[in-house]
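See structure below.
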Amino acid sequence: MRIALDEARAAAARGETPVGAVVADPATGAVLARAGNRTRELRDPTAHAEMLAIRAACAAVGSERLPGLDIYVTLEPCAMCAAALAAARIGRIYYGAADPKSGGVEHGARVFAHPQSHHRPEVFPGIAEREAADLLRAFFAARR
């Protein structure tokens with residue numbers, strides 16, 4: 001999660017919403033991909049940290065699927081990212097701050113609870129929650 005928090009801080013420095021994500025192999029501890037939000041920079045509404053990390057990890061392993069791999073993300077994934085994580089067959093999701101407004105895992109859409117979800121990863125919320133939430137609060141407070 002420390003690397004994901006570093007990615008979130010880098011995103012904030014670029015003027016992006018401070019969210020970071022890391023895809024790792026729990027068997028080896030290897031980091032396969034890391035990313036921070038780049039929606040403004042890339043002018044791409046899908047350039048969330050999770051989406052970028054999924055794409056990079058898939059390229060690294062040479063497959064559209066990431067079974068047995070973990071993703072660490074500083075904010076609860078939105079519905080779009082949760083659906084992509086299901087499609088990628090990610091093994092486990094570790095996230096920091098909950099997102100009651102736009103979350104797609106345990107709030108809002110609850111993507112994995114739908115019968116249409118083809119895959120349901122294990123979910124571990126609240127990892128470094130305070131630090132992740134503080135980054136988001138400070139970022140938005142400075143913009144007001």
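For the structure tokens, the naming scheme is as follows: chains receive sequential letters (A, B, ...) according to their order of presentation, residues are indexed from 1 within each chain, and ligands are indexed from 1 in presentation order.
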*If you count only C-alpha atoms, which residues fall within 12 Å of Thr46 in chain A, apart from same-chain ones fewer than 6 positions away, as a list in words?*
Asn37, Arg38, Thr39, Arg40, Leu52, Ala53, Ile54, Arg55, Cys78, Ala79, Met80, Cys81 and Ala84 of chain A
Produce a file of the selected residues containing all heavy atoms, as a compact mmCIF listing (two decimals), in the first residue's frame.
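Contents of part-v8.txt, as written:
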# COMPACT_ATOMS: atom_id res chain seq x y z
N ASN A 37 -3.84 8.17 -10.86
CA ASN A 37 -4.84 8.73 -11.77
C ASN A 37 -4.17 9.63 -12.81
O ASN A 37 -3.24 10.38 -12.50
CB ASN A 37 -5.86 9.55 -10.99
CG ASN A 37 -6.97 8.71 -10.43
OD1 ASN A 37 -7.00 7.50 -10.57
ND2 ASN A 37 -7.92 9.37 -9.78
N ARG A 38 -4.66 9.57 -14.04
CA ARG A 38 -4.17 10.41 -15.14
C ARG A 38 -5.32 10.85 -16.05
O ARG A 38 -5.13 11.07 -17.25
CB ARG A 38 -3.12 9.67 -15.96
CG ARG A 38 -1.83 9.42 -15.20
CD ARG A 38 -0.75 8.82 -16.10
NE ARG A 38 0.48 8.62 -15.37
CZ ARG A 38 1.42 9.55 -15.17
NH1 ARG A 38 1.27 10.76 -15.64
NH2 ARG A 38 2.51 9.25 -14.48
N THR A 39 -6.53 10.99 -15.50
CA THR A 39 -7.67 11.34 -16.34
C THR A 39 -7.53 12.71 -16.99
O THR A 39 -7.87 12.87 -18.15
CB THR A 39 -8.99 11.28 -15.54
OG1 THR A 39 -8.91 12.17 -14.44
CG2 THR A 39 -9.28 9.87 -15.06
N ARG A 40 -7.04 13.67 -16.25
CA ARG A 40 -6.87 15.03 -16.81
C ARG A 40 -5.72 15.06 -17.80
O ARG A 40 -5.84 15.60 -18.90
CB ARG A 40 -6.63 16.04 -15.70
CG ARG A 40 -7.84 16.25 -14.82
CD ARG A 40 -7.51 17.18 -13.65
NE ARG A 40 -8.64 17.32 -12.78
CZ ARG A 40 -9.50 18.32 -12.84
NH1 ARG A 40 -9.36 19.27 -13.73
NH2 ARG A 40 -10.52 18.37 -12.00
N LEU A 52 -5.25 1.85 -15.32
CA LEU A 52 -3.88 1.93 -15.84
C LEU A 52 -3.02 0.79 -15.31
O LEU A 52 -2.23 0.20 -16.05
CB LEU A 52 -3.27 3.29 -15.51
CG LEU A 52 -3.98 4.50 -16.13
CD1 LEU A 52 -3.41 5.80 -15.57
CD2 LEU A 52 -3.92 4.47 -17.64
N ALA A 53 -3.18 0.48 -14.03
CA ALA A 53 -2.40 -0.61 -13.42
C ALA A 53 -2.81 -1.96 -14.01
O ALA A 53 -1.95 -2.82 -14.27
CB ALA A 53 -2.57 -0.61 -11.90
N ILE A 54 -4.10 -2.16 -14.24
CA ILE A 54 -4.57 -3.41 -14.85
C ILE A 54 -3.96 -3.57 -16.24
O ILE A 54 -3.45 -4.63 -16.59
CB ILE A 54 -6.12 -3.44 -14.95
CG1 ILE A 54 -6.75 -3.57 -13.57
CG2 ILE A 54 -6.59 -4.57 -15.87
CD1 ILE A 54 -8.25 -3.28 -13.56
N ARG A 55 -4.03 -2.50 -17.04
CA ARG A 55 -3.47 -2.56 -18.40
C ARG A 55 -1.99 -2.91 -18.39
O ARG A 55 -1.52 -3.76 -19.15
CB ARG A 55 -3.69 -1.24 -19.12
CG ARG A 55 -5.13 -0.96 -19.46
CD ARG A 55 -5.29 0.42 -20.08
NE ARG A 55 -6.70 0.75 -20.17
CZ ARG A 55 -7.19 1.97 -20.02
NH1 ARG A 55 -6.39 2.99 -19.79
NH2 ARG A 55 -8.49 2.18 -20.12
N CYS A 78 -14.29 2.40 -8.13
CA CYS A 78 -15.61 2.76 -8.63
C CYS A 78 -16.19 1.57 -9.38
O CYS A 78 -15.53 0.54 -9.56
CB CYS A 78 -15.51 3.99 -9.55
SG CYS A 78 -14.69 3.65 -11.13
N ALA A 79 -17.42 1.68 -9.86
CA ALA A 79 -18.08 0.59 -10.56
C ALA A 79 -17.31 0.20 -11.83
O ALA A 79 -17.17 -1.00 -12.12
CB ALA A 79 -19.52 0.96 -10.89
N MET A 80 -16.81 1.18 -12.58
CA MET A 80 -16.06 0.88 -13.80
C MET A 80 -14.82 0.05 -13.47
O MET A 80 -14.55 -0.97 -14.12
CB MET A 80 -15.65 2.18 -14.50
CG MET A 80 -14.70 1.98 -15.67
SD MET A 80 -14.15 3.53 -16.42
CE MET A 80 -13.06 4.19 -15.15
N CYS A 81 -14.07 0.48 -12.47
CA CYS A 81 -12.84 -0.21 -12.11
C CYS A 81 -13.13 -1.58 -11.50
O CYS A 81 -12.42 -2.55 -11.77
CB CYS A 81 -12.01 0.65 -11.16
SG CYS A 81 -11.37 2.14 -11.96
N ALA A 84 -13.81 -3.92 -14.29
CA ALA A 84 -12.56 -4.29 -14.96
C ALA A 84 -11.76 -5.28 -14.12
O ALA A 84 -11.15 -6.21 -14.66
CB ALA A 84 -11.73 -3.04 -15.26
*Quick one: pick out all helix (DSSP H, G or I) residues within range 72-143 of chain A from a backbone DSSP run and write them as a list in words.*
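Taking range 72-143 of chain A and keeping helix (DSSP H, G or I) only, one gets Ala79, Met80, Cys81, Ala82, Ala83, Ala84, Leu85, Ala86, Ala87, Val111, Phe112, Ala113, Glu129, Arg130, Glu131, Ala132, Ala133, Asp134, Leu135, Leu136, Arg137, Ala138, Phe139, Phe140, Ala141, Ala142 and Arg143 of chain A.
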*Which one of A:Leu32, A:Ala24, A:Val105, A:Leu85 sits closest to Met51 in chain A if you count only C-alpha atoms?*
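Looking only at the distances to Met51 in chain A, the closest residue turns out to be A:Leu85.
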Neighbouring residues of Glu16 in chain A were defined as those with any atom within 9 Å, considering only C-alpha atoms; residues of the same chain fewer than 2 positions away were excluded. Please report them as a CSV table (one decimal) with N, CA, C and O atoms, in the first residue's frame.
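Wrote out.csv, looks like this:
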chain,number,residue,atom,x,y,z
A,8,ALA,N,-0.4,7.9,-5.4
A,8,ALA,CA,-1.5,8.9,-5.1
A,8,ALA,C,-0.9,10.3,-4.9
A,8,ALA,O,-1.5,11.3,-5.4
A,10,ALA,N,1.9,11.4,-6.1
A,10,ALA,CA,2.4,11.8,-7.4
A,10,ALA,C,1.2,12.3,-8.3
A,10,ALA,O,1.3,13.3,-9.0
A,11,ALA,N,0.1,11.6,-8.2
A,11,ALA,CA,-1.1,12.1,-9.0
A,11,ALA,C,-1.5,13.4,-8.5
A,11,ALA,O,-1.8,14.3,-9.3
A,12,ALA,N,-1.6,13.7,-7.2
A,12,ALA,CA,-2.0,15.0,-6.6
A,12,ALA,C,-1.0,16.0,-7.1
A,12,ALA,O,-1.5,17.2,-7.5
A,13,ALA,N,0.3,15.8,-7.1
A,13,ALA,CA,1.2,16.7,-7.6
A,13,ALA,C,1.0,17.1,-9.1
A,13,ALA,O,1.4,18.2,-9.5
A,14,ARG,N,0.4,16.2,-9.8
A,14,ARG,CA,0.1,16.5,-11.2
A,14,ARG,C,-1.3,17.2,-11.4
A,14,ARG,O,-1.7,17.4,-12.5
A,18,PRO,N,-5.9,12.3,-6.0
A,18,PRO,CA,-4.9,11.4,-5.5
A,18,PRO,C,-5.3,10.0,-5.2
A,18,PRO,O,-5.7,9.7,-4.1
A,19,VAL,N,-5.3,9.2,-6.3
A,19,VAL,CA,-5.6,7.8,-6.1
A,19,VAL,C,-4.4,7.0,-6.8
A,19,VAL,O,-4.0,7.4,-7.9
A,36,GLY,N,-1.0,6.0,-11.0
A,36,GLY,CA,-1.8,7.0,-10.3
A,36,GLY,C,-2.8,7.5,-11.3
A,36,GLY,O,-2.6,7.3,-12.5
A,37,ASN,N,-3.8,8.2,-10.9
A,37,ASN,CA,-4.8,8.7,-11.8
A,37,ASN,C,-4.2,9.6,-12.8
A,37,ASN,O,-3.2,10.4,-12.5
A,38,ARG,N,-4.7,9.6,-14.0
A,38,ARG,CA,-4.2,10.4,-15.1
A,38,ARG,C,-5.3,10.9,-16.1
A,38,ARG,O,-5.1,11.1,-17.2
A,39,THR,N,-6.5,11.0,-15.5
A,39,THR,CA,-7.7,11.3,-16.3
A,39,THR,C,-7.5,12.7,-17.0
A,39,THR,O,-7.9,12.9,-18.2
A,40,ARG,N,-7.0,13.7,-16.3
A,40,ARG,CA,-6.9,15.0,-16.8
A,40,ARG,C,-5.7,15.1,-17.8
A,40,ARG,O,-5.8,15.6,-18.9
A,41,GLU,N,-4.6,14.5,-17.4
A,41,GLU,CA,-3.4,14.5,-18.2
A,41,GLU,C,-3.7,13.9,-19.6
A,41,GLU,O,-3.3,14.4,-20.6
*Spatial neighbours of His107 in chain A, 9 Å, only C-alpha atoms, chain gap at least 4 places, as a list in words*: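 Close residues of His107 in chain A: Glu76, Cys78, Ala98, Asp99, Pro100, Lys101, Ser102 and Gly103 of chain A.
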Restrict the selected residues to C-alpha atoms and save them as a JSON list (two decimals), in the first residue's frame.
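Contents of again_1.json, as written:
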[["chain", "number", "residue", "atom", "x", "y", "z"],
["A", 76, "GLU", "CA", -12.44, 1.95, -3.03],
["A", 78, "CYS", "CA", -15.61, 2.76, -8.63],
["A", 98, "ALA", "CA", -14.07, 3.86, 1.47],
["A", 99, "ASP", "CA", -16.02, 5.81, -1.15],
["A", 100, "PRO", "CA", -19.65, 6.04, 0.00],
["A", 101, "LYS", "CA", -20.53, 8.32, -2.94],
["A", 102, "SER", "CA", -18.89, 6.59, -5.91],
["A", 103, "GLY", "CA", -17.60, 3.25, -4.67]]
_Using only C-alpha atoms for the distances, tell me which of A:Val23, A:Leu42, A:Ala132, A:Ala113 is nearest to Arg92 in chain A._
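Going through A:Val23, A:Leu42, A:Ala132, A:Ala113 one by one, the smallest distance to Arg92 in chain A is for A:Val23.
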*Work out how far apart CA of Gly68 in chain A and CA of Ala4 in chain A are and give it in Å to one decimal.*
18.9 Å
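Distances from A:Ala86, A:Val31, A:Gly15, A:Arg65 to Gln116 in chain A were compared using only C-alpha atoms, and the smallest one belongs to A:Ala86.
Every protein, DNA or RNA residue with an atom at most 9 Å from Gly96 in chain A, where only C-alpha atoms count and chain neighbours fewer than 2 positions away do not, is listed here: Met1, Tyr72, Val73, Thr74, Leu75, Glu76, Tyr94, Ala98, Phe124, Pro125, Gly126, Ile127, Ala128, Glu129, Arg130, Glu131, Ala132 and Ala133 of chain A.
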Export of prior selection with N, CA, C and O atoms as a PDB file, in the first residue's frame:
ATOM      1  N   MET A   1       0.834  -1.204   0.000  1.00  0.00           N
ATOM      2  CA  MET A   1       0.000   0.000   0.000  1.00  0.00           C
ATOM      3  C   MET A   1       0.866   1.251   0.000  1.00  0.00           C
ATOM      4  O   MET A   1       0.447   2.274  -0.502  1.00  0.00           O
ATOM      5  N   TYR A  72      -3.602  -3.277  -4.888  1.00  0.00           N
ATOM      6  CA  TYR A  72      -3.672  -2.362  -3.748  1.00  0.00           C
ATOM      7  C   TYR A  72      -4.068  -1.010  -4.321  1.00  0.00           C
ATOM      8  O   TYR A  72      -3.410  -0.512  -5.233  1.00  0.00           O
ATOM      9  N   VAL A  73      -5.128  -0.432  -3.799  1.00  0.00           N
ATOM     10  CA  VAL A  73      -5.592   0.859  -4.305  1.00  0.00           C
ATOM     11  C   VAL A  73      -5.980   1.726  -3.118  1.00  0.00           C
ATOM     12  O   VAL A  73      -6.521   1.239  -2.126  1.00  0.00           O
ATOM     13  N   THR A  74      -5.677   3.004  -3.212  1.00  0.00           N
ATOM     14  CA  THR A  74      -5.865   3.888  -2.068  1.00  0.00           C
ATOM     15  C   THR A  74      -7.315   4.260  -1.816  1.00  0.00           C
ATOM     16  O   THR A  74      -7.655   4.689  -0.724  1.00  0.00           O
ATOM     17  N   LEU A  75      -8.174   4.099  -2.815  1.00  0.00           N
ATOM     18  CA  LEU A  75      -9.597   4.425  -2.681  1.00  0.00           C
ATOM     19  C   LEU A  75     -10.420   3.262  -3.205  1.00  0.00           C
ATOM     20  O   LEU A  75     -10.045   2.621  -4.196  1.00  0.00           O
ATOM     21  N   GLU A  76     -11.530   2.999  -2.561  1.00  0.00           N
ATOM     22  CA  GLU A  76     -12.438   1.947  -3.034  1.00  0.00           C
ATOM     23  C   GLU A  76     -12.692   2.119  -4.527  1.00  0.00           C
ATOM     24  O   GLU A  76     -13.074   3.206  -4.976  1.00  0.00           O
ATOM     25  N   TYR A  94      -7.157  -4.948  -2.116  1.00  0.00           N
ATOM     26  CA  TYR A  94      -6.884  -4.280  -0.845  1.00  0.00           C
ATOM     27  C   TYR A  94      -7.074  -2.793  -1.101  1.00  0.00           C
ATOM     28  O   TYR A  94      -6.411  -2.241  -1.977  1.00  0.00           O
ATOM     29  N   ALA A  98     -12.774   4.211   2.040  1.00  0.00           N
ATOM     30  CA  ALA A  98     -14.073   3.855   1.475  1.00  0.00           C
ATOM     31  C   ALA A  98     -14.574   5.035   0.653  1.00  0.00           C
ATOM     32  O   ALA A  98     -14.194   6.188   0.886  1.00  0.00           O
ATOM     33  N   PHE A 124     -10.422  -6.632   0.864  1.00  0.00           N
ATOM     34  CA  PHE A 124      -9.913  -6.253   2.174  1.00  0.00           C
ATOM     35  C   PHE A 124      -9.890  -4.724   2.263  1.00  0.00           C
ATOM     36  O   PHE A 124      -8.960  -4.090   1.771  1.00  0.00           O
ATOM     37  N   PRO A 125     -10.907  -4.129   2.881  1.00  0.00           N
ATOM     38  CA  PRO A 125     -10.972  -2.662   2.978  1.00  0.00           C
ATOM     39  C   PRO A 125     -10.188  -2.114   4.167  1.00  0.00           C
ATOM     40  O   PRO A 125      -9.806  -2.860   5.074  1.00  0.00           O
ATOM     41  N   GLY A 126      -9.960  -0.819   4.136  1.00  0.00           N
ATOM     42  CA  GLY A 126      -9.409  -0.113   5.290  1.00  0.00           C
ATOM     43  C   GLY A 126      -7.910  -0.205   5.476  1.00  0.00           C
ATOM     44  O   GLY A 126      -7.409   0.115   6.549  1.00  0.00           O
ATOM     45  N   ILE A 127      -7.153  -0.586   4.445  1.00  0.00           N
ATOM     46  CA  ILE A 127      -5.699  -0.683   4.557  1.00  0.00           C
ATOM     47  C   ILE A 127      -5.113   0.721   4.406  1.00  0.00           C
ATOM     48  O   ILE A 127      -5.296   1.357   3.373  1.00  0.00           O
ATOM     49  N   ALA A 128      -4.436   1.217   5.430  1.00  0.00           N
ATOM     50  CA  ALA A 128      -3.899   2.596   5.446  1.00  0.00           C
ATOM     51  C   ALA A 128      -5.013   3.599   5.154  1.00  0.00           C
ATOM     52  O   ALA A 128      -4.804   4.601   4.483  1.00  0.00           O
ATOM     53  N   GLU A 129      -6.180   3.314   5.675  1.00  0.00           N
ATOM     54  CA  GLU A 129      -7.369   4.124   5.399  1.00  0.00           C
ATOM     55  C   GLU A 129      -7.201   5.590   5.775  1.00  0.00           C
ATOM     56  O   GLU A 129      -7.560   6.468   4.993  1.00  0.00           O
ATOM     57  N   ARG A 130      -6.670   5.850   6.938  1.00  0.00           N
ATOM     58  CA  ARG A 130      -6.553   7.238   7.383  1.00  0.00           C
ATOM     59  C   ARG A 130      -5.644   8.042   6.464  1.00  0.00           C
ATOM     60  O   ARG A 130      -5.978   9.148   6.050  1.00  0.00           O
ATOM     61  N   GLU A 131      -4.501   7.484   6.111  1.00  0.00           N
ATOM     62  CA  GLU A 131      -3.564   8.200   5.242  1.00  0.00           C
ATOM     63  C   GLU A 131      -4.164   8.447   3.863  1.00  0.00           C
ATOM     64  O   GLU A 131      -4.044   9.528   3.300  1.00  0.00           O
ATOM     65  N   ALA A 132      -4.842   7.450   3.325  1.00  0.00           N
ATOM     66  CA  ALA A 132      -5.474   7.600   2.013  1.00  0.00           C
ATOM     67  C   ALA A 132      -6.585   8.651   2.063  1.00  0.00           C
ATOM     68  O   ALA A 132      -6.681   9.510   1.172  1.00  0.00           O
ATOM     69  N   ALA A 133      -7.404   8.609   3.096  1.00  0.00           N
ATOM     70  CA  ALA A 133      -8.490   9.577   3.236  1.00  0.00           C
ATOM     71  C   ALA A 133      -7.946  10.980   3.457  1.00  0.00           C
ATOM     72  O   ALA A 133      -8.475  11.957   2.898  1.00  0.00           O
TER      73      ALA A 133
END
_So that I can check the secondary structure, give me every residue of range 66-125 of chain A assigned strand (DSSP E) by backbone DSSP, as a PyMOL selection string._
chain A and resi 70-75+92-97+122-124
Restricting it to all heavy atoms, dump the selection as a compact mmCIF listing (two decimals), in the first residue's frame.
# COMPACT_ATOMS: atom_id res chain seq x y z
N ASP A 70 -2.78 -9.59 -6.80
CA ASP A 70 -3.43 -8.66 -5.88
C ASP A 70 -3.35 -7.25 -6.43
O ASP A 70 -2.39 -6.90 -7.12
CB ASP A 70 -2.72 -8.65 -4.52
CG ASP A 70 -2.75 -9.98 -3.80
OD1 ASP A 70 -3.58 -10.85 -4.16
OD2 ASP A 70 -1.94 -10.14 -2.87
N ILE A 71 -4.35 -6.44 -6.10
CA ILE A 71 -4.27 -5.01 -6.38
C ILE A 71 -4.44 -4.26 -5.07
O ILE A 71 -5.29 -4.62 -4.24
CB ILE A 71 -5.30 -4.54 -7.43
CG1 ILE A 71 -4.98 -3.09 -7.86
CG2 ILE A 71 -6.72 -4.69 -6.96
CD1 ILE A 71 -5.65 -2.65 -9.14
N TYR A 72 -3.60 -3.28 -4.89
CA TYR A 72 -3.67 -2.36 -3.75
C TYR A 72 -4.07 -1.01 -4.32
O TYR A 72 -3.41 -0.51 -5.23
CB TYR A 72 -2.31 -2.24 -3.05
CG TYR A 72 -1.85 -3.52 -2.41
CD1 TYR A 72 -1.24 -4.52 -3.16
CD2 TYR A 72 -2.06 -3.74 -1.06
CE1 TYR A 72 -0.83 -5.71 -2.58
CE2 TYR A 72 -1.64 -4.94 -0.47
CZ TYR A 72 -1.03 -5.91 -1.24
OH TYR A 72 -0.64 -7.09 -0.66
N VAL A 73 -5.13 -0.43 -3.80
CA VAL A 73 -5.59 0.86 -4.30
C VAL A 73 -5.98 1.73 -3.12
O VAL A 73 -6.52 1.24 -2.13
CB VAL A 73 -6.73 0.67 -5.34
CG1 VAL A 73 -7.93 -0.01 -4.74
CG2 VAL A 73 -7.11 1.97 -6.00
N THR A 74 -5.68 3.00 -3.21
CA THR A 74 -5.86 3.89 -2.07
C THR A 74 -7.31 4.26 -1.82
O THR A 74 -7.66 4.69 -0.72
CB THR A 74 -5.02 5.17 -2.23
OG1 THR A 74 -5.40 5.84 -3.43
CG2 THR A 74 -3.54 4.83 -2.25
N LEU A 75 -8.17 4.10 -2.81
CA LEU A 75 -9.60 4.43 -2.68
C LEU A 75 -10.42 3.26 -3.21
O LEU A 75 -10.04 2.62 -4.20
CB LEU A 75 -9.92 5.69 -3.49
CG LEU A 75 -11.36 6.20 -3.48
CD1 LEU A 75 -11.77 6.64 -2.07
CD2 LEU A 75 -11.52 7.35 -4.46
N ARG A 92 -7.30 -10.63 -5.33
CA ARG A 92 -7.64 -9.92 -4.10
C ARG A 92 -7.52 -8.41 -4.33
O ARG A 92 -6.61 -7.96 -5.03
CB ARG A 92 -6.71 -10.33 -2.96
CG ARG A 92 -7.04 -11.69 -2.36
CD ARG A 92 -5.92 -12.24 -1.53
NE ARG A 92 -4.71 -12.50 -2.32
CZ ARG A 92 -4.55 -13.56 -3.12
NH1 ARG A 92 -5.49 -14.45 -3.25
NH2 ARG A 92 -3.44 -13.71 -3.81
N ILE A 93 -8.42 -7.68 -3.69
CA ILE A 93 -8.41 -6.22 -3.72
C ILE A 93 -8.19 -5.73 -2.29
O ILE A 93 -8.96 -6.07 -1.39
CB ILE A 93 -9.73 -5.64 -4.25
CG1 ILE A 93 -10.00 -6.12 -5.67
CG2 ILE A 93 -9.72 -4.11 -4.17
CD1 ILE A 93 -11.39 -5.80 -6.18
N TYR A 94 -7.16 -4.95 -2.12
CA TYR A 94 -6.88 -4.28 -0.84
C TYR A 94 -7.07 -2.79 -1.10
O TYR A 94 -6.41 -2.24 -1.98
CB TYR A 94 -5.44 -4.53 -0.39
CG TYR A 94 -5.11 -5.97 -0.14
CD1 TYR A 94 -4.65 -6.80 -1.16
CD2 TYR A 94 -5.26 -6.52 1.13
CE1 TYR A 94 -4.34 -8.13 -0.93
CE2 TYR A 94 -4.95 -7.85 1.37
CZ TYR A 94 -4.50 -8.65 0.34
OH TYR A 94 -4.20 -9.97 0.57
N TYR A 95 -7.98 -2.15 -0.38
CA TYR A 95 -8.15 -0.71 -0.61
C TYR A 95 -8.12 0.06 0.70
O TYR A 95 -8.39 -0.48 1.76
CB TYR A 95 -9.38 -0.40 -1.46
CG TYR A 95 -10.73 -0.53 -0.79
CD1 TYR A 95 -11.24 0.48 0.01
CD2 TYR A 95 -11.52 -1.65 -1.02
CE1 TYR A 95 -12.50 0.37 0.58
CE2 TYR A 95 -12.77 -1.77 -0.46
CZ TYR A 95 -13.26 -0.74 0.35
OH TYR A 95 -14.50 -0.85 0.91
N GLY A 96 -7.79 1.34 0.56
CA GLY A 96 -7.65 2.23 1.71
C GLY A 96 -8.97 2.85 2.12
O GLY A 96 -9.73 2.28 2.91
N ALA A 97 -9.25 4.02 1.59
CA ALA A 97 -10.43 4.78 1.97
C ALA A 97 -11.68 4.24 1.29
O ALA A 97 -11.66 3.88 0.11
CB ALA A 97 -10.24 6.25 1.61
N GLU A 122 -11.54 -11.59 -3.49
CA GLU A 122 -11.57 -11.30 -2.07
C GLU A 122 -11.32 -9.80 -1.90
O GLU A 122 -10.51 -9.23 -2.64
CB GLU A 122 -10.48 -12.07 -1.33
CG GLU A 122 -10.69 -13.57 -1.30
CD GLU A 122 -9.58 -14.23 -0.53
OE1 GLU A 122 -9.61 -14.20 0.72
OE2 GLU A 122 -8.66 -14.76 -1.19
N VAL A 123 -11.98 -9.19 -0.94
CA VAL A 123 -11.86 -7.75 -0.72
C VAL A 123 -11.45 -7.48 0.72
O VAL A 123 -12.05 -8.01 1.65
CB VAL A 123 -13.20 -7.02 -1.04
CG1 VAL A 123 -13.10 -5.54 -0.74
CG2 VAL A 123 -13.60 -7.25 -2.50
N PHE A 124 -10.42 -6.63 0.86
CA PHE A 124 -9.91 -6.25 2.17
C PHE A 124 -9.89 -4.72 2.26
O PHE A 124 -8.96 -4.09 1.77
CB PHE A 124 -8.51 -6.83 2.38
CG PHE A 124 -8.47 -8.33 2.29
CD1 PHE A 124 -8.23 -8.95 1.08
CD2 PHE A 124 -8.69 -9.11 3.41
CE1 PHE A 124 -8.20 -10.33 0.98
CE2 PHE A 124 -8.67 -10.50 3.32
CZ PHE A 124 -8.43 -11.11 2.10
